[in-house]
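This report concerns only the one structure given below.
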Amino acid sequence: MKAVALAVGAALLTAQLPNRLSAQDSQFGIRGLGTPGKWESVRARSSGGAFAPFDGFSPLIDASLIDVRRLSGSVTGAMSRRTVDIAGTQTPLRGTRFPAFVIAGPLGRRLVLGGGFTTYLDRTFGISTSDTLIVRNDTVPFTDAVNSDGAVTDVRLAAAGRLTKRLTIGAGIHLLTGSTRVVATRTFTDTSYRNTTARDQVSYAGEGFSVNALYDLGPLRLAGWYRADSRLEADIRGTTVADNDLPNSYGVGVLLRPGAQFAIAGTATARDWTGSTSNGHNTLNWSIGTELGTPGAGLRLGARGGQMPFGAGATAPTELGLSAGIGKQFSAGRGRIDFGLEHLQRTGTGLSEKVWTFLLGLTVRP
Amino acid sequence: MKRYFAMLLLCMSPIACVEVATAPGVCPTFCPNGTIESYDTIFTDIIVRDSAFRGYVQPYQAEAMTAADLPGVIDSRAVFVTNNMFTTTTPVPGDTTPVPLVADSVRLRTIIVRRDTQATNLQLKLYSVPVTTDSASTFLDLEPYFSNPPVDSVNVSAVLARPPITDTTTRRVWGDSIWTDSAGHVIIQADSGRTLFLYWHLDSLQAPLVVADSGRLGFGIRVAADSFATVALGTLESSRNALVSWYYHYTVPDTVTSEPDSVKSGVAPRAAAFDNFVFDRPVQPIDSDLVVGGAPSARSLLRVELPTFLHDSIDVVRATLILVPVTPVAASPADSFEIRGLPVLTDLGAKSPLAQVLTGRTTIHANVADTVRMEVTDMIRSWALDSTQTTSFVLGQVPEAASYTDIRFYSSRSPALRPALRITYVKRFPFGKP
């Protein structure tokens with residue numbers, strides 16, 4: 001069993017390229033920098049994201065790495081089915097992503113090092129529009145398709161250190177990288193006009209750092225974090241075509257574990273996207289969730305809400321979600337499979353989305 | 001262990017689903033910041049140093065020969081000379097004494113590859129012309145022979161108006177249904193009636209086997225009709241040439257036995273050895289105009305100075321060459337023809353080698369003065385993508401030198417009416433900008 005688990009884990013951890021490490025995308029992110037990823041493991045995401053600050057395999061904060069007591073790796077897979085509703089017309093979409101990968105291990109009793117990939121901004125989308133063109137005294141119908149496949153990926157190197165029995169601090173440096181393959185096609189109905197296709201690859205670059213802390217007060221654990229990211233440069237064949245400011249992030253979380261079989265947590269996160277693009281909004285997101293049963297192997301329930309960073313109008317689109325999941329340990333705790341199901345409802349001016357996401361996580365401790 | 005592994009595979013299976021990421025766009029609110037912008041520009045001064053040249057294909061090298069009689073326009077006549085026919089034979093083995101052949105009759109096949117289907121009372125008249133007729137023979141040289149009474153004539157319209165003969169015996173002999181008249185002319189239709197195989201039956205007076213001519217026959221064909229009197233006949237170059245079949249007999253002298261002399265007969269086909277057409281209009285010299293077509297054929301070389309910006313970050317979606325005719329083409333509607341634009345591989349002037357790909361083509365309609373437009377999108381696209389290519393092309397008639405028809409366009413020496421290129425292009429999508 002151990003060999004099988006290790007083999008599957010190794011395959012999962014190595015089979016995907018970084019630009020596939022995307023979260024579920026959104027139409028709201030097309031006219032903007034993208035759709036922010038969820039820096040959460042399946043366990044945390046099944047609880048609405050509330051356990052993310054307290055889960056060592058969620059790349060939200062670095063201090064939580066302190067709970068990883070052996071060299072471990074974790075990968076998250078997500079299959080989404082999204083329905084986009086535009087003025088009553090619904091379009092079903094689907095996609096498969098591997099939005100988070102974390103590997104961590106202790107260096108002594110008080111220090112844990114970790115790293116991995118996660119989606120910073122998802123840039124996978126495709127849009128299709130049909131219109132007519134007045135050219136040569138004639139009306140020429142055409143269809144435009146613009147497709148983008150890829151993401152801005154956050155490559156993280158982090159450390160968590162236990163300063164005192166109660167206080168743990170963490171810090172991380174983040175390298176923003178990744179690329180998108182972009183294709184724009186115009187197809188004419190009139191065969192006198194040749195169809196045109198332009199392809200390119202947009203490379204992204206940026207950096208950031210994060211500091212955060214965990215404070216234990218008996219059954220209560222408090223978390224606070226701050227992350228600053230620089231500017232995001234978009235390059236095409238060595239030429240910078242865009243340079244956008246990235247937000248600072250602030251957040252707090254609280255976890256209450258009154259007994260061995262029950263835990264409840266909540267978080268609040270703020271990010272300032274207004275400086276990024278003209279349609280950027282400041283966001284405040286919250287989550288609340290619970291885990292029933294043994295930690296890491298129980299039933300998880302959660303809810304989340306807040307805003308999306310990009311959207312038309314003066315107010316930001318909103319996101320509301322419910323999620324649930326379970327985990328199962330095997331090989332005497334050396335491996336764990338997590339399952340989750342998440343439903344999100346996003347609403348903004350002129351568009352709404354419903355997203356069902358099936359989550360699958362695998363954590364191995366060789 | 002197997003149970004866990006199976007469960008894992010089961011859980012992984014949905015992840016392998018096909019991705020669908022494209023939705024209708026709501027622009028500009030939920031679309032990328034940028035669009036595919038189209039532009040349409042008429043470039044009036046990028047065709048430069050254009051010239052015309054004549055003499056590429058001679059009429060006797062053409063794929064067809066035109067016979068036409070359009071009063072005030074053209075009088076064009078087809079001529080051909082057949083190959084030698086043997087006039088004696090040596091039928092007795094070992095005996096070298098020649099025995100003369102006696103020609104009984106000749107069946108002549110001519111193929112009409114183009115005609116005006118609107119023509120009524122379309123007649124073809126067959127004349128005898130000297131077997132010495134060659135490429136130097138002119139309309140005036142041959143005029144006296146066409147003034148003689150015709151050897152034979154056939155009313156094609158009348159023959160086709162008769163019911164076809166479709167019985168099994170006829171089809172076995174001719175291979176298809178036939179139309180015929182009382183004089184023995186036979187017509188077989190091919191290509192859904194566009195092509196006519198016309199068989200003439202000539203006796204030994206109409207087609208004599210002349211020893212001095214080595215059995216060659218020379219014929220000329222004129223055409224007549226109530227209107228639109230024009231046809232094109234196939235030639236050697238198109239493998240649709242005229243063909244005569246000699247029906248002959250000879251006597252085998254019996255010098256060994258007491259049996260009487262016996263008579264043998266046979267058939268010998270002879271294809272045309274030379275075919276040509278002559279017409280009463282002198283070939284116009286090349287001047288400052290762009291000439292395309294005629295016989296001998298003329299071509300026009302157009303050089304294009306493609307703007308630099310068309311090489312960078314744009315994609316040509318349509319390109320149209322605009323040419324203004326000096327005068328309409330005077331001809332029967334059936335003599336409308338196609339001209340083709342072929343890119344040159346390297347610009348060597350009149351002798352530039354031509355590429356046979358990325359060509360443009362358009363039809364020149366007779367008696368129409370409209371501006372001529374030719375789609376050359378593929379050619380211009382390839383030039384825009386590859387700046388090392390030679391940006392010149394040649395306009396030529398298809399097929400060349402098969403007709404008296406040609407067209408003249410204003411060249412770049414006529415500023416107001418010079419050739420132009422209308423190019424519709426799109427600018428590169430501004431990727432990467434949120």
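To be explicit about the labels: the chains of the structure tokens are called A, B, and onward in the order shown, and within each one the residues are counted from 1, while ligands get numbers from 1 in the order they are shown.
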
Residues of chain A within 7 Å of chain B: nearest atom pair and distance (Å, one decimal) for each, counting only C-alpha atoms, sorted by chain and number, as a tab-separated table?
residue	atom	partner	partner_atom	distance
A:Met1	CA	B:Met1	CA	5.0
A:Gln27	CA	B:Phe30	CA	6.3
A:Phe28	CA	B:Phe30	CA	6.5
A:Ile30	CA	B:Pro32	CA	5.8
A:Arg31	CA	B:Pro32	CA	5.1
A:Gly32	CA	B:Pro434	CA	4.9
A:Leu33	CA	B:Pro434	CA	5.6
A:Met79	CA	B:Ile15	CA	5.6
A:Thr91	CA	B:Ala23	CA	6.2
A:Leu93	CA	B:Val20	CA	5.1
A:Arg94	CA	B:Val20	CA	5.1
A:Gly95	CA	B:Glu19	CA	4.6
A:Thr96	CA	B:Ile15	CA	5.8
A:Phe125	CA	B:Ala21	CA	5.4
A:Gly126	CA	B:Thr22	CA	3.9
A:Ile127	CA	B:Gly25	CA	4.8
A:Ser128	CA	B:Pro24	CA	4.8
A:Thr129	CA	B:Gly25	CA	5.4
A:Val135	CA	B:Asp40	CA	6.9
A:Ala184	CA	B:Phe429	CA	6.7
A:Ser192	CA	B:Arg318	CA	6.8
A:Tyr193	CA	B:Arg318	CA	5.1
A:Arg194	CA	B:Val317	CA	4.6
A:Asn195	CA	B:Val317	CA	6.5
A:Thr196	CA	B:Asp315	CA	6.6
A:Ala198	CA	B:Arg428	CA	6.7
A:Val202	CA	B:Gly432	CA	6.0
A:Ala234	CA	B:Gly432	CA	6.0
A:Val241	CA	B:Gly432	CA	6.2
A:Ala242	CA	B:Lys433	CA	5.5
A:Ala312	CA	B:Thr29	CA	6.2

Can those selected residues be exported to a file as a PDB file, in the first residue's frame so that it contains C-alpha atoms?
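The file below, selection-v8.pdb, is the result:
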ATOM      1  CA  MET A   1       0.000   0.000   0.000  1.00  0.00           C
ATOM      2  CA  GLN A  27     -15.547  35.609 -16.438  1.00  0.00           C
ATOM      3  CA  PHE A  28     -15.072  38.415 -13.938  1.00  0.00           C
ATOM      4  CA  ILE A  30     -11.129  38.355 -18.021  1.00  0.00           C
ATOM      5  CA  ARG A  31     -11.089  42.126 -18.020  1.00  0.00           C
ATOM      6  CA  GLY A  32      -8.614  42.399 -15.230  1.00  0.00           C
ATOM      7  CA  LEU A  33      -5.494  40.682 -14.100  1.00  0.00           C
ATOM      8  CA  MET A  79     -12.612  19.689 -11.443  1.00  0.00           C
ATOM      9  CA  THR A  91     -23.268  28.590 -21.019  1.00  0.00           C
ATOM     10  CA  LEU A  93     -18.034  25.388 -18.971  1.00  0.00           C
ATOM     11  CA  ARG A  94     -15.714  22.972 -17.318  1.00  0.00           C
ATOM     12  CA  GLY A  95     -12.089  22.709 -16.441  1.00  0.00           C
ATOM     13  CA  THR A  96      -9.589  20.736 -14.468  1.00  0.00           C
ATOM     14  CA  PHE A 125     -10.647  31.716 -20.455  1.00  0.00           C
ATOM     15  CA  GLY A 126     -12.166  31.757 -23.861  1.00  0.00           C
ATOM     16  CA  ILE A 127     -14.655  34.160 -25.307  1.00  0.00           C
ATOM     17  CA  SER A 128     -16.457  34.110 -28.593  1.00  0.00           C
ATOM     18  CA  THR A 129     -18.262  37.045 -30.172  1.00  0.00           C
ATOM     19  CA  VAL A 135     -16.104  46.925 -45.321  1.00  0.00           C
ATOM     20  CA  ALA A 184      -7.056  35.330 -31.176  1.00  0.00           C
ATOM     21  CA  SER A 192     -13.539  36.030 -49.866  1.00  0.00           C
ATOM     22  CA  TYR A 193     -11.940  37.002 -46.589  1.00  0.00           C
ATOM     23  CA  ARG A 194      -9.253  34.824 -45.093  1.00  0.00           C
ATOM     24  CA  ASN A 195      -9.532  33.878 -41.467  1.00  0.00           C
ATOM     25  CA  THR A 196      -6.835  35.319 -39.298  1.00  0.00           C
ATOM     26  CA  ALA A 198      -2.637  35.409 -33.947  1.00  0.00           C
ATOM     27  CA  VAL A 202       2.589  35.981 -22.436  1.00  0.00           C
ATOM     28  CA  ALA A 234       3.605  40.806 -18.685  1.00  0.00           C
ATOM     29  CA  VAL A 241       3.464  44.887 -22.691  1.00  0.00           C
ATOM     30  CA  ALA A 242       1.870  45.504 -19.303  1.00  0.00           C
ATOM     31  CA  ALA A 312     -17.913  46.356 -14.109  1.00  0.00           C
TER      32      ALA A 312
END

- request: Enumerate the residues of stretch 20-217 of chain B with a DSSP assignment of strand (DSSP E or B), computed from the backbone, and present them as JSON, numbers by chain.
  value: {"B": [20, 22, 23, 24, 38, 39, 40, 41, 42, 43, 47, 48, 49, 50, 51, 52, 53, 54, 64, 65, 66, 67, 68, 69, 70, 74, 75, 76, 77, 78, 79, 80, 81, 82, 88, 89, 99, 100, 102, 103, 104, 105, 106, 107, 108, 109, 110, 111, 112, 113, 114, 115, 123, 124, 125, 126, 127, 128, 152, 153, 154, 155, 165, 178, 179, 180, 186, 187, 188, 189, 190, 195, 196, 197, 198, 199, 200, 201, 202, 203]}

message: Using only C-alpha atoms, which protein or nucleic acid residues come within 10 Å of B:Tyr250? Drop anything in the same chain fewer than 2 positions from it, and give the result as a ChimeraX atom specification.
response: /B:88-91,99-103,248,252-253,262-266

Could those selected residues go to a file with C-alpha atoms, as an mmCIF file, in the first residue's frame?
data_model
loop_
_atom_site.group_PDB
_atom_site.id
_atom_site.type_symbol
_atom_site.label_atom_id
_atom_site.label_comp_id
_atom_site.auth_asym_id
_atom_site.auth_seq_id
_atom_site.Cartn_x
_atom_site.Cartn_y
_atom_site.Cartn_z
ATOM 1 C CA THR B 88 1.849 2.519 -102.055
ATOM 2 C CA THR B 89 2.325 -0.814 -100.343
ATOM 3 C CA THR B 90 4.142 -4.088 -100.916
ATOM 4 C CA PRO B 91 1.574 -6.710 -100.041
ATOM 5 C CA VAL B 99 1.213 -1.516 -105.339
ATOM 6 C CA PRO B 100 -0.601 1.846 -105.345
ATOM 7 C CA LEU B 101 -3.260 2.542 -102.734
ATOM 8 C CA VAL B 102 -6.625 3.720 -103.796
ATOM 9 C CA ALA B 103 -8.292 6.046 -101.330
ATOM 10 C CA TYR B 248 -8.369 2.662 -98.788
ATOM 11 C CA VAL B 252 -2.748 -7.877 -104.483
ATOM 12 C CA PRO B 253 -1.334 -9.169 -107.799
ATOM 13 C CA SER B 262 -7.586 -10.170 -104.696
ATOM 14 C CA VAL B 263 -8.542 -6.792 -103.222
ATOM 15 C CA LYS B 264 -7.507 -5.802 -99.726
ATOM 16 C CA SER B 265 -8.791 -2.822 -97.795
ATOM 17 C CA GLY B 266 -7.741 -0.997 -94.670
#

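For the residues B:Leu342, B:Leu217, B:Leu236, B:Ala273, ranking by smallest atom-to-atom distance to B:Ala62 using only C-alpha atoms places B:Leu236 first.
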
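Distances to A:Ser26 were evaluated for A:Arg109, A:Arg156, A:Lys328, A:Arg81 using only C-alpha atoms, and the minimum falls at A:Arg81.
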
- request: For B:Gly360, work out the shell of residues within 12 Å, counting only C-alpha atoms and skipping chain neighbours fewer than 6 positions away, then give it as JSON, numbers by chain.
  value: {"B": [318, 319, 320, 321, 338, 339, 340, 341, 342, 343, 373, 374, 375, 376, 377, 378, 379, 380, 393, 394, 395, 396, 397, 398]}

- request: List the neighbours of A:Arg69 out to 10 Å using only C-alpha atoms; skip same-chain residues closer than 4 positions along the sequence, and give me the result as an MDAnalysis selection string.
  value: chainID A and resid 56 65 104:112 365

message: Just want the 10 Å neighbourhood of A:Ala160, counted on only C-alpha atoms, with same-chain residues fewer than 3 positions away dropped. Output as a PyMOL selection string.
response: chain A and resi 56+61-68+106-107+110-114+163+168-172+211-214

Go through stretch 97-188 of chain A residue by residue and, counting only C-alpha atoms, keep those with an atom at most 8 Å from stretch 39-49 of chain A; for each kept residue give the shortest atom pair and its distance in Å to one decimal, ordered by chain and increasing number, as JSON lines.
{"residue": "A:Pro99", "atom": "CA", "partner": "A:Trp39", "partner_atom": "CA", "distance": 7.8}
{"residue": "A:Ala100", "atom": "CA", "partner": "A:Ser41", "partner_atom": "CA", "distance": 6.8}
{"residue": "A:Thr118", "atom": "CA", "partner": "A:Trp39", "partner_atom": "CA", "distance": 6.6}
{"residue": "A:Thr119", "atom": "CA", "partner": "A:Trp39", "partner_atom": "CA", "distance": 7.3}

- request: Could you give me, as a PyMOL selection string, the residues within 8 Å of B:Thr391, counting only C-alpha atoms and dropping anything in the same chain fewer than 4 positions from it?
  value: chain B and resi 303-306+343-344+383

query: Just how far from atom CA of A:Asn244 is atom CA of A:Thr277, in Å to one decimal?
result: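 Atom CA of A:Thr277 sits 7.1 Å away from atom CA of A:Asn244.
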